[in-house]
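Structure file upload-v3.cif (mmCIF, C-alpha atoms and all ligand atoms) follows.
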data_upload
loop_
_atom_site.group_PDB
_atom_site.id
_atom_site.type_symbol
_atom_site.label_atom_id
_atom_site.label_comp_id
_atom_site.auth_asym_id
_atom_site.auth_seq_id
_atom_site.Cartn_x
_atom_site.Cartn_y
_atom_site.Cartn_z
ATOM 1 C CA MET W 2 108.070 30.520 12.822
ATOM 2 C CA THR W 3 109.436 27.209 11.483
ATOM 3 C CA ASN W 4 107.071 24.470 10.415
ATOM 4 C CA GLU W 5 107.347 21.208 8.592
ATOM 5 C CA ILE W 6 105.207 19.501 5.964
ATOM 6 C CA LYS W 7 105.441 15.951 4.663
ATOM 7 C CA PHE W 8 105.091 15.294 0.939
ATOM 8 C CA TYR W 9 104.954 11.544 0.382
ATOM 9 C CA ASP W 10 107.900 10.440 2.524
ATOM 10 C CA ARG W 11 109.784 13.681 2.342
ATOM 11 C CA LYS W 12 109.837 16.256 5.098
ATOM 12 C CA VAL W 13 110.100 19.863 4.009
ATOM 13 C CA PRO W 14 110.706 22.585 6.616
ATOM 14 C CA TYR W 15 109.256 25.991 5.875
ATOM 15 C CA SER W 16 108.755 29.318 7.571
ATOM 16 C CA ILE W 17 105.841 31.711 7.481
ATOM 17 C CA THR W 18 106.102 35.462 7.152
ATOM 18 C CA LYS W 19 102.961 37.441 7.906
ATOM 19 C CA SER W 20 102.340 40.388 5.689
ATOM 20 C CA SER W 21 99.685 43.055 5.830
ATOM 21 C CA ARG W 22 100.457 44.163 2.286
ATOM 22 C CA ALA W 23 100.369 40.761 0.552
ATOM 23 C CA LYS W 24 97.145 40.079 -1.344
ATOM 24 C CA ARG W 25 97.523 36.341 -1.660
ATOM 25 C CA LEU W 26 99.510 33.396 -0.352
ATOM 26 C CA ARG W 27 102.951 33.169 -1.839
ATOM 27 C CA ILE W 28 105.670 30.534 -1.713
ATOM 28 C CA ALA W 29 109.318 31.171 -2.394
ATOM 29 C CA VAL W 30 112.057 28.572 -2.563
ATOM 30 C CA TYR W 31 115.540 30.042 -2.201
ATOM 31 C CA CYS W 32 118.837 28.637 -3.414
ATOM 32 C CA ASN W 33 119.836 27.741 0.159
ATOM 33 C CA CYS W 34 116.705 25.518 0.130
ATOM 34 C CA ASP W 35 114.713 27.773 2.485
ATOM 35 C CA VAL W 36 110.992 27.608 1.793
ATOM 36 C CA VAL W 37 109.158 30.757 2.846
ATOM 37 C CA VAL W 38 105.422 31.289 2.769
ATOM 38 C CA THR W 39 104.036 34.813 2.784
ATOM 39 C CA LEU W 40 100.732 34.894 4.604
ATOM 40 C CA PRO W 41 98.331 37.793 3.990
ATOM 41 C CA HIS W 42 96.292 38.923 6.981
ATOM 42 C CA HIS W 43 92.983 37.566 5.634
ATOM 43 C CA LYS W 44 94.326 34.012 5.284
ATOM 44 C CA ASN W 45 95.016 31.606 8.121
ATOM 45 C CA ILE W 46 97.540 28.922 8.916
ATOM 46 C CA GLU W 47 95.266 26.137 7.648
ATOM 47 C CA ASP W 48 95.277 27.708 4.189
ATOM 48 C CA VAL W 49 99.060 27.486 4.145
ATOM 49 C CA GLU W 50 99.166 23.727 4.376
ATOM 50 C CA SER W 51 96.643 23.095 1.627
ATOM 51 C CA TYR W 52 98.404 25.606 -0.617
ATOM 52 C CA LEU W 53 101.743 23.928 0.020
ATOM 53 C CA ARG W 54 100.222 20.568 -0.901
ATOM 54 C CA GLU W 55 98.777 22.019 -4.063
ATOM 55 C CA LYS W 56 102.252 23.249 -4.998
ATOM 56 C CA SER W 57 104.185 20.225 -3.719
ATOM 57 C CA LYS W 58 105.461 19.172 -7.117
ATOM 58 C CA TRP W 59 106.773 22.636 -7.857
ATOM 59 C CA ILE W 60 108.394 22.958 -4.418
ATOM 60 C CA LEU W 61 110.116 19.565 -4.596
ATOM 61 C CA GLY W 62 111.274 20.340 -8.112
ATOM 62 C CA LYS W 63 112.855 23.609 -6.959
ATOM 63 C CA LEU W 64 114.472 21.998 -3.922
ATOM 64 C CA ASP W 65 115.885 19.197 -6.048
ATOM 65 C CA PHE W 66 117.196 21.676 -8.549
ATOM 66 C CA PHE W 67 119.027 23.727 -5.927
ATOM 67 C CA ARG W 68 120.288 20.688 -4.060
ATOM 68 C CA GLU W 69 121.456 18.992 -7.224
ATOM 69 C CA ALA W 70 123.268 22.164 -8.253
ATOM 70 C CA LYS W 71 125.051 22.170 -4.890
ATOM 71 C CA GLY W 72 125.682 18.450 -5.042
ATOM 72 C CA LEU W 73 127.356 18.811 -8.395
ATOM 73 C CA LYS W 74 129.569 21.558 -7.059
ATOM 74 C CA PHE W 75 130.682 19.887 -3.834
ATOM 75 C CA ASN W 76 130.259 16.215 -4.418
ATOM 76 C CA ASP W 77 130.358 13.754 -7.270
ATOM 77 C CA LYS W 78 127.629 11.651 -5.818
ATOM 78 C CA SER W 79 124.090 12.950 -5.902
ATOM 79 C CA VAL W 80 123.121 14.370 -2.511
ATOM 80 C CA ILE W 81 119.488 13.823 -3.344
ATOM 81 C CA PHE W 82 120.055 10.163 -4.029
ATOM 82 C CA GLU W 83 121.877 9.650 -0.734
ATOM 83 C CA ASP W 84 119.147 11.486 1.135
ATOM 84 C CA ASN W 85 116.283 9.540 -0.369
ATOM 85 C CA LYS W 86 117.410 6.008 -1.118
ATOM 86 C CA ASP W 87 116.450 4.657 2.317
ATOM 87 C CA ASN W 88 112.966 6.119 2.108
ATOM 88 C CA ALA W 89 112.643 4.732 -1.397
ATOM 89 C CA TYR W 90 113.691 1.302 -0.175
ATOM 90 C CA GLN W 91 111.127 1.360 2.636
ATOM 91 C CA LEU W 92 108.394 2.398 0.231
ATOM 92 C CA VAL W 93 109.312 -0.343 -2.255
ATOM 93 C CA ILE W 94 109.480 -3.095 0.382
ATOM 94 C CA LYS W 95 106.170 -2.080 1.931
ATOM 95 C CA THR W 96 104.439 -1.949 -1.456
ATOM 96 C CA ILE W 97 105.909 -5.229 -2.689
ATOM 97 C CA LYS W 98 104.698 -6.969 0.459
ATOM 98 C CA LYS W 99 101.234 -5.534 -0.040
ATOM 99 C CA PHE W 100 100.879 -6.641 -3.665
ATOM 100 C CA ASN W 101 102.798 -9.878 -3.363
ATOM 101 C CA LYS W 102 100.164 -11.108 -0.928
ATOM 102 C CA ILE W 103 98.094 -11.456 -4.076
ATOM 103 C CA TYR W 104 100.792 -12.531 -6.541
ATOM 104 C CA GLY W 105 103.036 -14.638 -4.331
ATOM 105 C CA PHE W 106 106.029 -14.305 -6.674
ATOM 106 C CA LYS W 107 109.573 -15.168 -5.636
ATOM 107 C CA TYR W 108 112.109 -12.387 -5.810
ATOM 108 C CA ASN W 109 115.759 -12.081 -5.090
ATOM 109 C CA LYS W 110 117.425 -8.755 -4.298
ATOM 110 C CA ILE W 111 115.762 -5.359 -4.208
ATOM 111 C CA THR W 112 118.061 -2.420 -4.936
ATOM 112 C CA ILE W 113 117.470 1.322 -5.118
ATOM 113 C CA LYS W 114 119.546 3.013 -7.800
ATOM 114 C CA ASN W 115 120.148 6.432 -9.218
ATOM 115 C CA LEU W 116 118.684 5.544 -12.609
ATOM 116 C CA LYS W 117 118.688 8.274 -15.209
ATOM 117 C CA THR W 118 115.949 7.178 -17.568
ATOM 118 C CA LYS W 119 114.026 4.299 -16.044
ATOM 119 C CA TRP W 120 111.695 3.891 -13.075
ATOM 120 C CA GLY W 121 112.700 0.317 -12.523
ATOM 121 C CA SER W 122 113.935 -2.943 -13.958
ATOM 122 C CA CYS W 123 113.727 -6.665 -13.341
ATOM 123 C CA SER W 124 116.501 -9.119 -14.138
ATOM 124 C CA LYS W 125 116.260 -12.743 -15.217
ATOM 125 C CA LYS W 126 117.654 -13.695 -11.815
ATOM 126 C CA GLY W 127 114.666 -12.074 -10.124
ATOM 127 C CA ASN W 128 116.477 -8.975 -8.913
ATOM 128 C CA LEU W 129 114.356 -5.836 -8.829
ATOM 129 C CA ASN W 130 115.863 -2.370 -9.219
ATOM 130 C CA PHE W 131 114.056 0.886 -8.634
ATOM 131 C CA ASN W 132 114.799 4.510 -9.237
ATOM 132 C CA TYR W 133 115.062 6.415 -5.922
ATOM 133 C CA ARG W 134 112.851 9.124 -7.459
ATOM 134 C CA ILE W 135 109.936 6.798 -6.843
ATOM 135 C CA VAL W 136 109.551 8.506 -3.432
ATOM 136 C CA PHE W 137 108.557 11.718 -5.194
ATOM 137 C CA LEU W 138 105.726 10.111 -7.147
ATOM 138 C CA PRO W 139 102.158 10.219 -5.901
ATOM 139 C CA ARG W 140 101.456 6.939 -4.134
ATOM 140 C CA HIS W 141 99.191 5.462 -6.844
ATOM 141 C CA LEU W 142 101.914 5.941 -9.487
ATOM 142 C CA ALA W 143 104.651 4.555 -7.240
ATOM 143 C CA GLU W 144 102.441 1.498 -6.811
ATOM 144 C CA TYR W 145 102.124 1.140 -10.560
ATOM 145 C CA VAL W 146 105.917 1.256 -11.049
ATOM 146 C CA ILE W 147 106.373 -1.396 -8.388
ATOM 147 C CA VAL W 148 103.594 -3.681 -9.673
ATOM 148 C CA HIS W 149 105.050 -3.308 -13.169
ATOM 149 C CA GLU W 150 108.406 -4.745 -12.077
ATOM 150 C CA LEU W 151 106.821 -7.259 -9.741
ATOM 151 C CA CYS W 152 104.845 -8.793 -12.609
ATOM 152 C CA HIS W 153 108.033 -9.148 -14.655
ATOM 153 C CA LEU W 154 109.107 -11.767 -12.126
ATOM 154 C CA LYS W 155 106.520 -14.029 -13.690
ATOM 155 C CA GLU W 156 106.607 -12.724 -17.241
ATOM 156 C CA LEU W 157 109.621 -10.842 -18.586
ATOM 157 C CA SER W 158 107.978 -9.675 -21.811
ATOM 158 C CA HIS W 159 105.210 -7.121 -22.214
ATOM 159 C CA ALA W 160 102.939 -9.721 -23.810
ATOM 160 C CA LYS W 161 99.216 -9.807 -23.225
ATOM 161 C CA ARG W 162 99.534 -12.296 -20.401
ATOM 162 C CA TYR W 163 101.913 -9.875 -18.673
ATOM 163 C CA TRP W 164 99.360 -7.049 -18.729
ATOM 164 C CA GLN W 165 96.727 -9.441 -17.452
ATOM 165 C CA LEU W 166 98.875 -9.922 -14.373
ATOM 166 C CA VAL W 167 99.165 -6.160 -13.857
ATOM 167 C CA GLU W 168 95.433 -5.758 -14.364
ATOM 168 C CA LYS W 169 94.728 -8.218 -11.582
ATOM 169 C CA THR W 170 95.703 -5.655 -8.932
ATOM 170 C CA LEU W 171 95.573 -2.409 -10.946
ATOM 171 C CA PRO W 172 92.524 -2.548 -13.237
ATOM 172 C CA SER W 173 93.060 1.055 -14.318
ATOM 173 C CA TYR W 174 96.732 0.554 -15.162
ATOM 174 C CA LYS W 175 96.337 2.171 -18.594
ATOM 175 C CA ASP W 176 95.345 5.462 -16.993
ATOM 176 C CA LEU W 177 98.266 5.177 -14.595
ATOM 177 C CA ILE W 178 100.716 4.713 -17.481
ATOM 178 C CA ARG W 179 99.278 7.753 -19.204
ATOM 179 C CA GLU W 180 99.570 9.865 -16.057
ATOM 180 C CA LEU W 181 103.111 8.695 -15.382
ATOM 181 C CA LYS W 182 104.216 9.465 -18.938
ATOM 182 C CA SER W 183 102.585 12.845 -19.217
ATOM 183 C CA ASP W 184 103.347 14.309 -15.784
ATOM 184 C CA TYR W 185 106.687 12.822 -14.681
HETATM 185 ZN ZN ZN L 201 108.299 -3.600 -18.257
#
Can the structure from this file be put into C-alpha cells for me?
Amino acid sequence: MTNEIKFYDRKVPYSITKSSRAKRLRIAVYCNCDVVVTLPHHKNIEDVESYLREKSKWILGKLDFFREAKGLKFNDKSVIFEDNKDNAYQLVIKTIKKFNKIYGFKYNKITIKNLKTKWGSCSKKGNLNFNYRIVFLPRHLAEYVIVHELCHLKELSHAKRYWQLVEKTLPSYKDLIRELKSDY
C-alpha cells in the first residue's frame, strides 16, 4: 500500500506494512529513500499520519542524508537543491507578498541559493537571497527568515530601528530567533 504525506511543501511517499507481532508504530527510512511504516494490529491508519508528522524532522533529515550521499556520488550539483529550489521560491514569493502588504518596501531580484551557512541575505541593491532549505523549516520560522531579510531592505544594519521593523509584524521575533538557532 503506497501513500503520500506532505511536510511543509514536500511530498513524501511511504508504504505501510501490517504486522501482528509489532507492539508499536515504527518508521524506517532506507538508503533507497523508501519510507516504510510498520503498523501493529491495534493501531489504525489515522495513527500513522500523526506519527509521521511527529517524526517529520527525523524523516526529512534521513531522506536528505541518503539523497545527498547519492547526489555526491553521481552528480556534482546537489540533487536536493535542484528538487526544492522551485518550492522554496514559491514559498518566499508568497510570504514576501503577505508581509510586504504591511511594509511596502521596494525589492529587486529574489534568488534561491544553495547557501551553506546562512538562511538568507540582502544586498545594497535590494536583491534578496534565500537558502533553499527554508522549505524544510516550520512555517513560522520560514516567515521569520523572510521578514528578517525583507526588513534589511529598509535598514541594512541590525540597529534598534531595524528590530522595530521586524517587531511590527512578528512581535515574538526573539522567541523565533531562539527556536531557529537551537533546533535548525
Ligand atoms: Zn540580518
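This file gives the following result for the PyMOL selection byres (((not hetatm)) within 8 of (chain L and resi 201)): W:Ser122, W:Cys123, W:His149, W:Glu150, W:His153, W:Leu157, W:Ser158, W:His159.
Applied to the file shown here, the PyMOL selection byres (((chain W and resi 43-46) around 9) and not hetatm) selects the residues Ile17, Ser21, Lys24, Arg25, Leu26, Leu40, Pro41, His42, Glu47, Asp48, Val49 and Glu50 of chain W.
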Let me see the file: selected residues, C-alpha atoms, as a PDB file, keeping the file's coordinate frame.
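Written output follows (out09.pdb):
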ATOM      1  CA  ILE W  17     105.841  31.711   7.481  1.00  0.00           C
ATOM      2  CA  SER W  21      99.685  43.055   5.830  1.00  0.00           C
ATOM      3  CA  LYS W  24      97.145  40.079  -1.344  1.00  0.00           C
ATOM      4  CA  ARG W  25      97.523  36.341  -1.660  1.00  0.00           C
ATOM      5  CA  LEU W  26      99.510  33.396  -0.352  1.00  0.00           C
ATOM      6  CA  LEU W  40     100.732  34.894   4.604  1.00  0.00           C
ATOM      7  CA  PRO W  41      98.331  37.793   3.990  1.00  0.00           C
ATOM      8  CA  HIS W  42      96.292  38.923   6.981  1.00  0.00           C
ATOM      9  CA  GLU W  47      95.266  26.137   7.648  1.00  0.00           C
ATOM     10  CA  ASP W  48      95.277  27.708   4.189  1.00  0.00           C
ATOM     11  CA  VAL W  49      99.060  27.486   4.145  1.00  0.00           C
ATOM     12  CA  GLU W  50      99.166  23.727   4.376  1.00  0.00           C
TER      13      GLU W  50
END
_Of the listed residues W:Ile111, W:Glu180, W:Arg22, W:Phe137, that which approaches Thr39 in chain W most closely, counting only C-alpha atoms_ = W:Arg22
*asked:* Which residues are near Phe8 in chain W? Cut-off 10 Å, all atoms listed in the file, ignore same chain within fewer than 6 positions. Put them as a ChimeraX atom specification.
replied: /W:53-54,57-58,60-61,136-139
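The interatomic distance for the pair CA of Asn130 in chain W and CA of Ile81 in chain W works out to 17.6 Å.
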*Can you give me, as a PyMOL selection string, the residues this file yields under the PyMOL selection byres (((chain W and resi 101-110) around 8) and not hetatm)?*
chain W and resi 97-100+111-112+126-129+151+154-155+170
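The two atoms in question, CA of Ser20 in chain W and CA of Cys32 in chain W, are spaced 22.2 Å apart.
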